[in-house]
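K.L.:
Got a structure for you, questions after.
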Amino acid sequence: MIGVRGGTFDPIHIGHLRATQEVAEALSANGTADSSLQRIHLIPGNIPPHRPQTLASAEQRLEMVRLATQNNDLFVPDDRELQRDGASYTVDTLRSLRKDVGNECSICLIIGMDAFLSFTTWHKWKTIITLAHLVVTSRPDYTAQPLQAWAQALQTENTLDLHAQPAGKLFFVETTALSISATDIRHQQAEGRSIRYLVPDAVYDYIQQKHLYRTP
Ligand code: ATP
């Protein structure tokens with residue numbers, strides 16, 4: 001089993017990291033030696049030219065993901081979306097990962113509740129759930145809505161099901177509420193307030209060194 005978490009990561013912060021760590025723990029339960037969680041890919045998204053741009057460059061966002069994950073063997077920075085031109089479609093990323101890991105390996109696509117609430121607007125969302133399980137983490141200020149029929153049909157409360165088949169299940173993980181967003185971090189940095197402890201120390205140092213987010 002592998003996990004995948006995408007994001008703009010402008011910058012990556014402890015909200016992303018802590019929720020992903022808690023998912024790792026939840027997914028590690030019930031795995032057999034063959035099916036256990038091997039790694040979680042953290043994938044910064046490519047922002048196409050016609051979209052509002054990130055403040056940090058793609059290379060800087062990737063470097064911050066590298067710095068944030070350097071002491072965690074389970075978390076792997078993955079630049080595959082930055083290698084592609086144009087929009088980063090999750091379905092393409094999952095196809096590419098599927099090629100790497102084969103058809104038997106479980107892939108868990110980790111998304112926050114905010115993303116889950118608009119999931120059926122995603123490009124080829126029905127294909128996405130044939131390529132991966134959906135693992136949804138809590139996010140402060142976003143409350144779960146009653147599940148639609150498709151989601152009810154896929155939902156499981158047993159991680160064994162995520163190990164038993166490679167894709168197609170929906171699993172919720174109650175994660176610690178950390179009301180942190182990259183937007184707030186960028187604003188605080190622009191206003192000259194401290195963002196220490198909202199991001200890992202190495203990311204904090206990098207942001208200061210590169211003078212990132214000095215303007216909102
Ligand atoms: P921005 O404020 O720039 O929109 P963000 O903090 O929401 O950024 P993204 O890089 O867009 O971060 O994050 C990707 C996904 O990570 C989000 O859609 C969300 O699901 C999840 N996420 C972000 N912040 C948190 C948090 N504090 N707790 C749990 N999940 C989070």
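Identifiers in the structure tokens: chain A, B, ... in order shown; residue index from 1 per chain; ligand index from 1 in order shown.
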Please check which protein, DNA or RNA residues sit within 9 Å of ligand 1, counting only C-alpha atoms and all ligand atoms, and write them as a PyMOL selection string.
P.N.:
chain A and resi 5-20+44-45+54+110-116+136-140+175-186
K.L.:
Could you pull out the residues in chain A that DSSP calls alpha helix (DSSP H) from the backbone, as an MDAnalysis selection string?
P.N.:
chainID A and resid 14:28 58:69 90:101 113:117 125:131 149:154 159:164 182:190 201:209
K.L.:
Neighbouring residues of Asp73 (chain A) were defined as those with any atom within 12 Å, considering only C-alpha atoms; residues of the same chain fewer than 3 positions away were excluded. Please report them as a CSV table (one decimal) with N, CA and C atoms, in the first residue's frame.
P.N.:
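Okay, result03.csv is ready:
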```csv
chain,number,residue,atom,x,y,z
A,21,GLN,N,0.5,12.3,9.0
A,21,GLN,CA,1.1,11.4,9.9
A,21,GLN,C,0.0,10.5,10.6
A,24,ALA,N,-1.2,7.9,8.3
A,24,ALA,CA,-0.2,6.8,8.2
A,24,ALA,C,-0.4,5.9,9.3
A,37,LEU,N,1.6,-0.3,4.8
A,37,LEU,CA,1.9,1.0,4.2
A,37,LEU,C,3.4,1.2,3.9
A,38,GLN,N,3.8,1.4,2.7
A,38,GLN,CA,5.2,1.5,2.4
A,38,GLN,C,5.7,3.0,2.4
A,39,ARG,N,4.9,3.9,1.9
A,39,ARG,CA,5.3,5.3,1.9
A,39,ARG,C,4.1,6.1,1.5
A,40,ILE,N,4.2,7.4,1.8
A,40,ILE,CA,3.2,8.4,1.3
A,40,ILE,C,3.9,9.4,0.5
A,41,HIS,N,3.5,9.6,-0.8
A,41,HIS,CA,4.0,10.6,-1.7
A,41,HIS,C,3.4,11.9,-1.4
A,66,ARG,N,10.7,18.8,0.5
A,66,ARG,CA,11.9,18.0,0.8
A,66,ARG,C,12.3,18.3,2.2
A,68,ALA,N,10.7,19.5,4.7
A,68,ALA,CA,9.7,19.1,5.7
A,68,ALA,C,9.7,17.6,6.0
A,69,THR,N,10.1,16.8,5.0
A,69,THR,CA,10.0,15.4,5.1
A,69,THR,C,11.3,14.7,5.3
A,70,GLN,N,12.4,15.5,5.4
A,70,GLN,CA,13.7,14.8,5.4
A,70,GLN,C,14.0,13.9,6.6
A,76,VAL,N,7.6,10.8,1.2
A,76,VAL,CA,8.5,10.9,0.0
A,76,VAL,C,8.1,12.1,-0.8
A,77,PRO,N,9.0,13.1,-1.0
A,77,PRO,CA,8.6,14.2,-1.9
A,77,PRO,C,8.6,13.7,-3.3
```
K.L.:
Take CA of Gln148 (chain A) and CA of Trp122 (chain A) and report the distance between them in Å, one decimal.
P.N.:
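Going from CA of Gln148 (chain A) over to CA of Trp122 (chain A), I get 15.5 Å.
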K.L.:
Which residue out of A:Asn46, A:Leu198, A:His163, A:Ala149 has the minimum interatomic distance to Gly86 (chain A) when only C-alpha atoms are used?
P.N.:
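Looking at the shortest contact to Gly86 (chain A), the residue is A:Asn46.
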K.L.:
I need the residue nearest Ala153 (chain A) from this list: A:Arg95, A:Leu170, A:Glu59, A:Asp141. Use only C-alpha atoms for the distance.
P.N.:
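Ranked by minimum distance to Ala153 (chain A), first place goes to A:Leu170.
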K.L.:
Show which residues sit within 8 Å of region 106-109 of chain A, as a PyMOL selection string. Count only C-alpha atoms, and ignore same-chain residues fewer than 5 positions away.
P.N.:
chain A and resi 1-5+35+98+131-135+162-163+165-167
K.L.:
Export N, CA and C atoms of the chosen residues as a tab-separated table (two decimals), in the first residue's frame?
P.N.:
```tsv
chain	number	residue	atom	x	y	z
A	1	MET	N	0.85	-1.20	0.00
A	1	MET	CA	0.00	0.00	0.00
A	1	MET	C	0.89	1.25	0.00
A	2	ILE	N	0.45	2.22	-0.82
A	2	ILE	CA	1.10	3.54	-0.75
A	2	ILE	C	0.02	4.61	-0.54
A	3	GLY	N	0.44	5.75	0.00
A	3	GLY	CA	-0.45	6.90	0.14
A	3	GLY	C	0.01	8.03	-0.77
A	4	VAL	N	-0.91	8.91	-1.12
A	4	VAL	CA	-0.60	10.05	-1.98
A	4	VAL	C	-1.29	11.26	-1.40
A	5	ARG	N	-0.52	12.32	-1.19
A	5	ARG	CA	-1.17	13.57	-0.77
A	5	ARG	C	-0.67	14.69	-1.67
A	35	SER	N	1.12	-6.22	2.58
A	35	SER	CA	0.22	-5.13	2.19
A	35	SER	C	0.44	-3.87	3.01
A	98	ARG	N	0.06	4.32	-10.65
A	98	ARG	CA	-0.39	2.94	-10.91
A	98	ARG	C	0.62	2.20	-11.77
A	131	LEU	N	-8.92	4.03	-9.49
A	131	LEU	CA	-7.46	3.95	-9.42
A	131	LEU	C	-6.94	3.95	-7.98
A	132	ALA	N	-7.75	4.50	-7.06
A	132	ALA	CA	-7.28	4.65	-5.67
A	132	ALA	C	-8.45	4.59	-4.70
A	133	HIS	N	-8.13	4.33	-3.44
A	133	HIS	CA	-9.11	4.56	-2.37
A	133	HIS	C	-9.08	6.06	-2.05
A	134	LEU	N	-10.17	6.56	-1.50
A	134	LEU	CA	-10.19	7.94	-1.02
A	134	LEU	C	-10.08	7.90	0.50
A	135	VAL	N	-9.11	8.59	1.04
A	135	VAL	CA	-8.97	8.66	2.50
A	135	VAL	C	-9.13	10.13	2.88
A	162	LEU	N	-9.14	-1.70	2.91
A	162	LEU	CA	-8.22	-0.90	2.09
A	162	LEU	C	-7.00	-1.73	1.68
A	163	HIS	N	-6.69	-2.71	2.50
A	163	HIS	CA	-5.57	-3.60	2.16
A	163	HIS	C	-6.03	-4.72	1.22
A	165	GLN	N	-8.27	-4.73	-1.23
A	165	GLN	CA	-8.43	-4.41	-2.66
A	165	GLN	C	-7.64	-3.14	-2.97
A	166	PRO	N	-7.22	-2.97	-4.23
A	166	PRO	CA	-6.28	-1.89	-4.54
A	166	PRO	C	-6.89	-0.49	-4.61
A	167	ALA	N	-8.20	-0.40	-4.79
A	167	ALA	CA	-8.83	0.92	-5.01
A	167	ALA	C	-10.32	0.79	-4.73
```
K.L.:
Can you tell me how far CA of Val199 (chain A) sits from CA of Asn71 (chain A), in Å to one decimal?
P.N.:
14.2 Å
K.L.:
In Å, with one decimal, what is the gap from CA of Ala164 (chain A) to CA of Leu97 (chain A)?
P.N.:
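One can read the CA of Ala164 (chain A) to CA of Leu97 (chain A) distance as 18.7 Å.
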K.L.:
Would you mind listing what lies within 9 Å of Leu117 (chain A) as a compact mmCIF listing (two decimals) with N, CA and C atoms, in the first residue's frame, with only C-alpha atoms counted and same-chain residues fewer than 5 positions away left out?
P.N.:
```txt
# COMPACT_ATOMS: atom_id res chain seq x y z
N GLY A 112 -8.31 16.36 2.17
CA GLY A 112 -8.98 16.95 3.32
C GLY A 112 -10.49 17.03 3.08
N TYR A 142 -14.72 22.81 8.14
CA TYR A 142 -15.41 22.07 7.08
C TYR A 142 -16.09 20.85 7.71
N THR A 143 -17.40 20.87 7.75
CA THR A 143 -18.14 19.79 8.41
C THR A 143 -18.59 18.78 7.36
N ALA A 144 -18.53 17.53 7.76
CA ALA A 144 -19.00 16.47 6.86
C ALA A 144 -20.48 16.69 6.55
N GLN A 145 -20.84 16.46 5.31
CA GLN A 145 -22.25 16.54 4.89
C GLN A 145 -22.77 15.09 4.80
```
K.L.:
Give the answer as one residue: which of A:Thr121, A:Thr93, A:Ser28, A:Ser194 has the shortest atom-to-atom distance to Gln208 (chain A), using only C-alpha atoms?
P.N.:
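Answer, going by the shortest atom-to-atom distance: A:Ser194.
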K.L.:
Can you list, as a PDB file with C-alpha atoms, in the first residue's frame, all residues belonging to region 17-214 of chain A that DSSP tags as strand (DSSP E)?
P.N.:
```pdb
ATOM      1  CA  ARG A  39       5.295   5.270   1.879  1.00  0.00           C
ATOM      2  CA  ILE A  40       3.237   8.387   1.338  1.00  0.00           C
ATOM      3  CA  HIS A  41       4.045  10.554  -1.688  1.00  0.00           C
ATOM      4  CA  LEU A  42       3.740  14.295  -1.112  1.00  0.00           C
ATOM      5  CA  ILE A  43       3.165  15.868  -4.505  1.00  0.00           C
ATOM      6  CA  PRO A  44       3.265  19.630  -5.077  1.00  0.00           C
ATOM      7  CA  PHE A  75       7.087  10.598   3.537  1.00  0.00           C
ATOM      8  CA  VAL A  76       8.495  10.916   0.029  1.00  0.00           C
ATOM      9  CA  PRO A  77       8.640  14.199  -1.914  1.00  0.00           C
ATOM     10  CA  ILE A 107      -3.179   3.367  -3.449  1.00  0.00           C
ATOM     11  CA  CYS A 108      -4.773   5.692  -0.885  1.00  0.00           C
ATOM     12  CA  LEU A 109      -5.460   9.196  -2.138  1.00  0.00           C
ATOM     13  CA  ILE A 110      -5.475  11.401   0.963  1.00  0.00           C
ATOM     14  CA  ILE A 111      -7.599  14.537   0.760  1.00  0.00           C
ATOM     15  CA  GLY A 112      -8.985  16.954   3.322  1.00  0.00           C
ATOM     16  CA  HIS A 133      -9.107   4.565  -2.366  1.00  0.00           C
ATOM     17  CA  LEU A 134     -10.186   7.937  -1.015  1.00  0.00           C
ATOM     18  CA  VAL A 135      -8.970   8.659   2.498  1.00  0.00           C
ATOM     19  CA  VAL A 136     -10.514  11.820   3.903  1.00  0.00           C
ATOM     20  CA  THR A 137      -9.048  13.767   6.814  1.00  0.00           C
ATOM     21  CA  LEU A 170     -13.827   5.535   1.015  1.00  0.00           C
ATOM     22  CA  PHE A 171     -12.397   5.879   4.509  1.00  0.00           C
ATOM     23  CA  PHE A 172     -12.577   8.792   6.958  1.00  0.00           C
ATOM     24  CA  VAL A 173      -9.836   9.523   9.471  1.00  0.00           C
TER      25      VAL A 173
END
```
K.L.:
From the set A:His211, A:His187, A:Arg80, A:Arg61, which residue has the shortest atom-to-atom contact distance to Ser96 (chain A), counting only C-alpha atoms?
P.N.:
A:Arg80
K.L.:
Using only C-alpha atoms, which of A:Met64, A:Cys105, A:Ala26, A:Ile129 sits nearest Tyr204 (chain A)?
P.N.:
A:Met64
